[in-house]
$ cat model08.csv   # CSV, C-alpha atoms
chain,number,residue,atom,x,y,z
A,21,MET,CA,0.0,0.0,0.0
A,22,ALA,CA,2.8,2.4,0.8
A,23,ALA,CA,4.5,1.7,-2.5
A,24,ILE,CA,1.2,2.4,-4.3
A,25,CYS,CA,0.8,5.7,-2.5
A,26,ALA,CA,4.4,6.7,-3.1
A,27,MET,CA,4.3,6.1,-6.8
A,28,ASN,CA,0.9,7.9,-7.1
A,29,ILE,CA,2.5,11.0,-5.5
A,30,VAL,CA,5.9,10.7,-7.1
A,31,ALA,CA,5.5,10.2,-10.8
A,32,LYS,CA,2.2,11.7,-12.0
A,33,ALA,CA,3.5,11.2,-15.4
A,34,ALA,CA,3.4,9.0,-18.5
A,35,THR,CA,6.1,8.6,-21.1
A,36,THR,CA,5.5,10.1,-24.5
A,37,GLY,CA,7.3,7.6,-26.6
A,38,LYS,CA,10.4,5.4,-26.8
A,39,VAL,CA,13.3,7.4,-25.3
A,40,LYS,CA,16.9,6.1,-25.1
A,41,THR,CA,17.9,6.8,-21.5
A,42,SER,CA,21.2,7.5,-19.9
A,43,GLN,CA,22.3,6.8,-16.3
A,44,SER,CA,24.8,9.7,-16.5
A,45,LYS,CA,22.2,12.4,-17.4
A,46,THR,CA,20.3,13.7,-14.4
A,47,TYR,CA,17.5,16.2,-13.8
A,48,LYS,CA,17.2,18.8,-11.1
A,49,ASP,CA,13.6,18.0,-10.3
A,50,LEU,CA,10.4,16.6,-11.7
A,51,GLY,CA,9.7,19.8,-13.5
A,52,ALA,CA,13.0,19.5,-15.4
A,53,ALA,CA,12.2,15.9,-16.4
A,54,VAL,CA,8.8,17.0,-17.7
A,55,LYS,CA,10.3,19.9,-19.7
A,56,ALA,CA,12.8,17.5,-21.2
A,57,GLY,CA,10.0,15.3,-22.5
A,58,LEU,CA,11.0,12.2,-20.5
A,59,VAL,CA,7.8,12.2,-18.4
A,60,ARG,CA,4.5,14.1,-18.7
A,61,GLY,CA,2.4,15.7,-16.1
A,62,THR,CA,-1.4,16.0,-16.2
A,63,ALA,CA,-3.9,18.7,-15.4
A,64,PRO,CA,-4.3,20.3,-12.9
A,65,PHE,CA,-0.6,19.7,-12.3
A,66,PRO,CA,1.1,20.0,-15.7
A,67,GLU,CA,4.5,19.6,-14.1
A,68,GLY,CA,3.5,16.8,-11.8
A,69,ILE,CA,3.6,16.4,-8.0
A,70,ASP,CA,6.7,15.4,-6.2
A,71,ALA,CA,6.0,16.2,-2.5
A,72,PHE,CA,8.9,14.1,-1.2
A,73,GLY,CA,11.5,15.1,-3.7
A,74,PHE,CA,12.1,11.7,-5.2
A,75,PHE,CA,12.9,13.3,-8.6
A,76,ASN,CA,15.5,15.7,-7.2
A,77,GLY,CA,18.7,15.0,-9.0
A,78,ILE,CA,17.3,11.9,-10.6
A,79,SER,CA,18.8,10.1,-13.6
A,80,GLU,CA,16.8,9.4,-16.7
A,81,GLY,CA,16.9,5.7,-16.1
A,82,GLU,CA,15.5,6.0,-12.5
A,83,ALA,CA,12.8,8.4,-13.7
A,84,LYS,CA,11.8,5.9,-16.3
A,85,ARG,CA,11.6,3.1,-13.6
A,86,TYR,CA,9.3,5.3,-11.4
A,87,ALA,CA,7.0,5.8,-14.3
A,88,ASP,CA,6.9,2.0,-15.0
A,89,VAL,CA,6.2,1.2,-11.4
A,90,GLU,CA,3.3,3.7,-11.3
A,91,ILE,CA,1.8,2.2,-14.4
A,92,THR,CA,2.1,-1.3,-13.0
A,93,HIS,CA,0.4,-0.3,-9.7
A,94,ALA,CA,-2.3,1.6,-11.6
A,95,ARG,CA,-3.2,-1.5,-13.6
A,96,ILE,CA,-3.3,-3.7,-10.5
A,97,CYS,CA,-5.5,-1.2,-8.7
A,98,MET,CA,-8.0,-0.9,-11.6
A,99,LEU,CA,-8.3,-4.7,-11.5
A,100,ALA,CA,-8.6,-4.7,-7.7
A,101,SER,CA,-11.3,-2.0,-7.7
A,102,LEU,CA,-13.4,-3.9,-10.3
A,103,GLY,CA,-12.7,-7.2,-8.4
A,104,PHE,CA,-14.0,-5.8,-5.1
A,105,LEU,CA,-17.3,-4.7,-6.6
A,106,VAL,CA,-17.9,-7.7,-8.8
A,107,GLY,CA,-16.7,-10.2,-6.2
A,108,GLU,CA,-19.2,-8.9,-3.6
A,109,GLN,CA,-22.1,-9.1,-6.1
A,110,VAL,CA,-21.5,-12.7,-7.2
A,111,GLU,CA,-20.4,-14.0,-3.7
A,112,GLY,CA,-22.5,-16.9,-2.5
A,113,SER,CA,-23.1,-18.1,-6.1
A,114,SER,CA,-23.0,-21.9,-6.5
A,115,PHE,CA,-20.4,-21.7,-9.3
A,116,LEU,CA,-18.0,-19.8,-7.2
A,117,PHE,CA,-16.2,-22.2,-4.8
A,118,ASP,CA,-19.4,-23.9,-4.0
A,119,SER,CA,-21.0,-20.8,-2.3
A,120,ASN,CA,-18.3,-20.8,0.4
A,121,VAL,CA,-17.0,-17.3,-0.2
A,122,THR,CA,-19.0,-14.6,1.5
A,123,GLY,CA,-18.7,-11.3,3.4
A,124,PRO,CA,-16.6,-8.2,2.7
A,125,ALA,CA,-14.1,-8.5,-0.3
A,126,ILE,CA,-11.1,-8.0,2.0
A,127,ASN,CA,-11.9,-11.5,3.4
A,128,HIS,CA,-12.6,-13.3,0.2
A,129,PHE,CA,-9.1,-14.5,-0.6
A,130,GLN,CA,-8.6,-16.1,2.8
A,131,GLN,CA,-11.7,-18.2,2.1
A,132,VAL,CA,-10.7,-19.8,-1.3
A,133,PRO,CA,-9.2,-23.3,-1.4
A,134,GLY,CA,-5.4,-23.8,-1.2
A,135,LEU,CA,-5.3,-25.0,-4.8
A,136,PHE,CA,-6.5,-21.6,-6.0
A,137,TRP,CA,-3.7,-19.9,-4.0
A,138,GLY,CA,-1.1,-22.1,-5.7
A,139,LEU,CA,-2.5,-21.6,-9.2
A,140,LEU,CA,-2.7,-17.8,-8.7
A,141,GLY,CA,0.8,-17.7,-7.3
A,142,ALA,CA,2.1,-19.7,-10.4
A,143,ALA,CA,0.2,-17.3,-12.7
A,144,ILE,CA,1.7,-14.2,-11.0
A,145,PHE,CA,5.2,-15.7,-11.1
A,146,THR,CA,4.8,-16.5,-14.9
A,147,VAL,CA,3.6,-12.9,-15.7
A,148,GLU,CA,6.3,-11.2,-13.6
A,149,ALA,CA,9.1,-13.4,-15.0
A,150,SER,CA,8.0,-12.5,-18.5
A,151,ARG,CA,7.7,-8.8,-17.6
A,152,VAL,CA,11.2,-8.7,-16.1
A,153,GLN,CA,12.7,-10.4,-19.1
A,154,TYR,CA,11.0,-8.1,-21.5
A,155,ALA,CA,11.6,-4.8,-19.8
A,156,TRP,CA,14.6,-5.1,-17.4
A,157,GLN,CA,18.3,-5.2,-18.1
A,158,ASN,CA,20.3,-8.3,-17.1
A,159,PRO,CA,21.6,-7.4,-13.7
A,160,PHE,CA,24.9,-9.2,-14.4
A,161,ASP,CA,25.5,-7.1,-17.5
A,162,ALA,CA,24.0,-3.7,-16.4
A,163,GLU,CA,25.8,-0.8,-14.7
A,164,LYS,CA,23.8,-1.4,-11.6
A,165,LEU,CA,20.7,-3.2,-10.4
A,166,PHE,CA,17.0,-2.3,-11.3
A,167,LEU,CA,17.6,-0.7,-14.7
A,168,LEU,CA,15.1,-0.9,-17.5
A,169,LYS,CA,16.2,-1.5,-21.1
A,170,ASP,CA,17.1,1.7,-22.9
A,171,ASP,CA,14.6,1.1,-25.7
A,172,TYR,CA,11.8,0.1,-23.4
A,173,THR,CA,8.7,2.3,-23.0
A,174,PRO,CA,7.2,2.1,-19.5
A,175,GLY,CA,4.1,0.0,-19.5
A,176,ASP,CA,4.5,-1.1,-23.1
A,177,TYR,CA,4.7,-4.9,-23.1
A,178,ASN,CA,3.6,-5.3,-26.7
A,179,PHE,CA,0.4,-7.0,-25.4
A,180,ASP,CA,-2.7,-6.0,-27.4
A,181,PRO,CA,-4.7,-9.2,-28.2
A,182,LEU,CA,-7.7,-7.2,-29.4
A,183,LYS,CA,-5.6,-5.1,-31.7
A,184,LEU,CA,-7.1,-1.9,-30.3
A,185,SER,CA,-3.9,0.1,-31.2
A,186,LYS,CA,-3.5,-1.3,-34.7
A,187,GLY,CA,-3.2,1.4,-37.3
A,188,LYS,CA,-3.4,4.2,-34.7
A,189,ASP,CA,-1.1,7.2,-34.9
A,190,GLU,CA,1.3,8.4,-32.2
A,191,ALA,CA,-1.1,11.2,-31.0
A,192,TRP,CA,-3.9,8.6,-30.4
A,193,LEU,CA,-1.5,6.3,-28.5
A,194,ASN,CA,-0.2,9.1,-26.3
A,195,ASP,CA,-3.7,10.2,-25.5
A,196,MET,CA,-4.7,6.6,-24.5
A,197,LYS,CA,-1.6,6.3,-22.4
A,198,LEU,CA,-2.5,9.4,-20.4
A,199,LYS,CA,-6.1,8.3,-20.0
A,200,GLU,CA,-4.9,4.9,-18.7
A,201,ILE,CA,-2.6,6.3,-16.1
A,202,ASN,CA,-5.2,8.9,-15.0
A,203,ASN,CA,-7.8,6.2,-14.5
A,204,GLY,CA,-5.2,4.1,-12.7
A,205,ARG,CA,-4.5,7.0,-10.3
A,206,VAL,CA,-8.2,7.2,-9.5
A,207,ALA,CA,-8.2,3.5,-9.0
A,208,MET,CA,-5.3,3.7,-6.5
A,209,VAL,CA,-7.3,6.1,-4.4
A,210,ALA,CA,-10.5,4.2,-4.8
A,211,ILE,CA,-9.1,0.8,-3.7
A,212,SER,CA,-7.5,2.4,-0.7
A,213,GLY,CA,-10.9,3.8,0.3
A,214,MET,CA,-12.6,0.5,-0.3
A,215,VAL,CA,-10.1,-1.4,1.9
A,216,ALA,CA,-10.2,1.2,4.6
A,217,GLN,CA,-14.0,1.2,4.7
A,218,GLU,CA,-14.3,-2.5,5.0
A,219,LEU,CA,-11.6,-2.7,7.7
A,220,VAL,CA,-13.5,-0.1,9.7
A,221,ASN,CA,-17.1,-1.4,9.5
A,222,GLY,CA,-16.6,-5.0,8.4
A,223,LEU,CA,-19.5,-4.8,5.9
A,224,ASN,CA,-19.9,-5.1,2.2
A,225,LEU,CA,-19.3,-1.9,0.2
A,226,ILE,CA,-22.6,-1.3,-1.6
A,227,PRO,CA,-25.2,-2.2,1.1
A,228,ALA,CA,-23.2,-0.2,3.7
A,229,ASP,CA,-23.0,2.8,1.3
A,230,GLU,CA,-26.7,2.7,0.5
A,231,VAL,CA,-27.8,2.5,4.1
A,232,LEU,CA,-25.5,5.4,4.9
A,233,GLU,CA,-27.0,7.5,2.1
A,234,MET,CA,-30.5,6.9,3.4
A,235,GLY,CA,-29.7,9.4,6.2
A,236,LYS,CA,-31.2,7.3,8.9
A,237,GLU,CA,-29.4,8.0,12.1
A,238,GLY,CA,-27.6,5.0,13.5
A,239,ALA,CA,-28.6,2.7,10.6
A,240,LEU,CA,-25.0,1.9,9.6
A,241,LYS,CA,-24.1,1.1,13.2
A,242,ALA,CA,-27.2,-1.1,13.5
A,243,MET,CA,-26.2,-3.0,10.4
A,244,GLU,CA,-22.7,-3.5,11.7
A,245,ALA,CA,-23.9,-4.7,15.0
A,246,GLN,CA,-26.4,-7.1,13.4
A,247,CYS,CA,-24.3,-8.5,10.6
A,248,THR,CA,-20.7,-8.5,11.5
A,249,GLY,CA,-19.7,-12.1,12.4
A,250,ALA,CA,-23.0,-13.5,11.1
A,251,PRO,CA,-22.8,-16.9,9.3
A,252,ASP,CA,-23.4,-15.2,6.0
A,253,GLU,CA,-22.5,-11.5,6.5
A,254,ALA,CA,-23.2,-10.7,2.8
A,255,ALA,CA,-26.8,-12.0,2.9
A,256,CYS,CA,-27.4,-10.3,6.3
A,257,ALA,CA,-26.1,-6.9,5.0
A,258,LYS,CA,-28.2,-7.1,1.9
A,259,ALA,CA,-31.3,-8.2,3.8
A,260,PHE,CA,-30.8,-5.3,6.3
A,261,GLU,CA,-30.3,-2.8,3.5
A,262,ALA,CA,-33.5,-4.0,1.8
A,263,ALA,CA,-35.5,-3.7,5.1
A,264,GLU,CA,-34.2,-0.2,5.7
A,265,ARG,CA,-35.0,0.8,2.1
A,266,ALA,CA,-38.6,-0.6,2.6
A,267,ALA,CA,-38.9,1.3,5.8
A,268,VAL,CA,-37.8,4.5,4.2
A,269,PHE,CA,-40.2,4.0,1.3
A,270,ALA,CA,-43.1,3.3,3.8
A,271,SER,CA,-42.4,6.5,5.7
A,272,THR,CA,-42.9,8.5,2.5
A,273,LEU,CA,-46.4,7.2,1.9

$ encode --input "model08.csv" --output "structure tokens"
Amino acid sequence: MAAICAMNIVAKAATTGKVKTSQSKTYKDLGAAVKAGLVRGTAPFPEGIDAFGFFNGISEGEAKRYADVEITHARICMLASLGFLVGEQVEGSSFLFDSNVTGPAINHFQQVPGLFWGLLGAAIFTVEASRVQYAWQNPFDAEKLFLLKDDYTPGDYNFDPLKLSKGKDEAWLNDMKLKEINNGRVAMVAISGMVAQELVNGLNLIPADEVLEMGKEGALKAMEAQCTGAPDEAACAKAFEAAERAAVFASTL
């Protein structure tokens, strides 16, 4: 989580194209790197945000690595945000681990069978190994550790199975890169909020939010007291939310 937040604060940038980098060339700060075209800020911060000074005196190669790390975290957080919402809507379904996964999304992974953990770990290892080989310099041949290849563009793994970028010009590609990283930054903030909310109240996201929006004093605390620790927290929360909604509707008649 700390790494996600750090990269969100630090880079605020997307590369504009393939740039041959140098470890000997350095930049005074993030603004200088933006002006040089190595990274790109976004409105309302055209020169980016670097509150902790990570870009002060940074080399081209290191700046490029920060951008790549931010893009990676952004993509993970977009998937995580979608997974939280979808997972809580399909939980308890018979096709999903025999209806044994219930409750807030922060507790779902602990409920899945061990075999799933192993398969997921193997998939992550395969993807990461491929990513490292494609983007990173051989540590035995490079000047130092953790260097990206000179001709590698952060986030570009030549993976486009739907051919969405086929025949598109550079301006279109740059626009899509900026949209992707901006959506990813929103997702980093969103997933942090989702996790924090479920850690605090122990309830599913949508029922808890809807009960809170009804404006009934103490409704959320009542839901928490009734449903936290219930055999099926998800079903309890949804039933409580439906009852509260019916009560609100009846009071308006």

$ closest_atom_pairs --input "model08.csv" --of "range 61-154 of chain A" --to "range 256-270 of chain A" --cutoff "12 Å" --atoms "all atoms listed in the file" --output "tab-separated table"
residue	atom	partner	partner_atom	distance
A:Glu108	CA	A:Lys258	CA	10.7
A:Gln109	CA	A:Lys258	CA	10.3
A:Glu111	CA	A:Lys258	CA	11.8
A:Thr122	CA	A:Cys256	CA	10.6
A:Gly123	CA	A:Ala257	CA	8.8
A:Pro124	CA	A:Ala257	CA	9.9

$ write_last_selection --input "model08.csv" --atoms "C-alpha atoms" --output "mmCIF file, in the frame of the given file"
data_model
loop_
_atom_site.group_PDB
_atom_site.id
_atom_site.type_symbol
_atom_site.label_atom_id
_atom_site.label_comp_id
_atom_site.auth_asym_id
_atom_site.auth_seq_id
_atom_site.Cartn_x
_atom_site.Cartn_y
_atom_site.Cartn_z
ATOM 1 C CA GLU A 108 -19.200 -8.900 -3.600
ATOM 2 C CA GLN A 109 -22.100 -9.100 -6.100
ATOM 3 C CA GLU A 111 -20.400 -14.000 -3.700
ATOM 4 C CA THR A 122 -19.000 -14.600 1.500
ATOM 5 C CA GLY A 123 -18.700 -11.300 3.400
ATOM 6 C CA PRO A 124 -16.600 -8.200 2.700
#

$ closest_atom_pairs --input "model08.csv" --of "range 42-155 of chain A" --to "range 192-209 of chain A" --cutoff "10 Å" --atoms "only C-alpha atoms" --output "JSON lines"
{"residue": "A:Arg60", "atom": "CA", "partner": "A:Leu198", "partner_atom": "CA", "distance": 8.6}
{"residue": "A:Gly61", "atom": "CA", "partner": "A:Leu198", "partner_atom": "CA", "distance": 9.1}
{"residue": "A:Thr62", "atom": "CA", "partner": "A:Leu198", "partner_atom": "CA", "distance": 7.9}
{"residue": "A:Ala63", "atom": "CA", "partner": "A:Asn202", "partner_atom": "CA", "distance": 9.9}
{"residue": "A:Ala87", "atom": "CA", "partner": "A:Ile201", "partner_atom": "CA", "distance": 9.8}
{"residue": "A:Glu90", "atom": "CA", "partner": "A:Ile201", "partner_atom": "CA", "distance": 8.0}
{"residue": "A:Ile91", "atom": "CA", "partner": "A:Ile201", "partner_atom": "CA", "distance": 6.2}
{"residue": "A:Thr92", "atom": "CA", "partner": "A:Gly204", "partner_atom": "CA", "distance": 9.1}
{"residue": "A:His93", "atom": "CA", "partner": "A:Met208", "partner_atom": "CA", "distance": 7.7}
{"residue": "A:Ala94", "atom": "CA", "partner": "A:Gly204", "partner_atom": "CA", "distance": 4.0}
{"residue": "A:Arg95", "atom": "CA", "partner": "A:Gly204", "partner_atom": "CA", "distance": 6.0}
{"residue": "A:Ile96", "atom": "CA", "partner": "A:Gly204", "partner_atom": "CA", "distance": 8.3}
{"residue": "A:Cys97", "atom": "CA", "partner": "A:Met208", "partner_atom": "CA", "distance": 5.4}
{"residue": "A:Met98", "atom": "CA", "partner": "A:Ala207", "partner_atom": "CA", "distance": 5.1}
{"residue": "A:Leu99", "atom": "CA", "partner": "A:Ala207", "partner_atom": "CA", "distance": 8.6}
{"residue": "A:Ala100", "atom": "CA", "partner": "A:Ala207", "partner_atom": "CA", "distance": 8.3}
{"residue": "A:Ser101", "atom": "CA", "partner": "A:Ala207", "partner_atom": "CA", "distance": 6.4}
{"residue": "A:Leu102", "atom": "CA", "partner": "A:Ala207", "partner_atom": "CA", "distance": 9.1}

$ atom_distance --input "model08.csv" --atom1 "CA of Leu58 in chain A" --atom2 "CA of Pro159 in chain A"
23.3 Å

$ atom_distance --input "model08.csv" --atom1 "CA of Asp170 in chain A" --atom2 "CA of Ile78 in chain A"
16.0 Å

$ residues_near_point --input "model08.csv" --point "(-22.3, -7.4, 5.1)" --cutoff "12 Å" --atoms "all atoms listed in the file" --output "NGL selection string"
:A and (108-109 or 111 or 122-127 or 217-219 or 221-231 or 240-261)

$ atom_distance --input "model08.csv" --atom1 "CA of Leu168 in chain A" --atom2 "CA of Phe75 in chain A"
16.9 Å
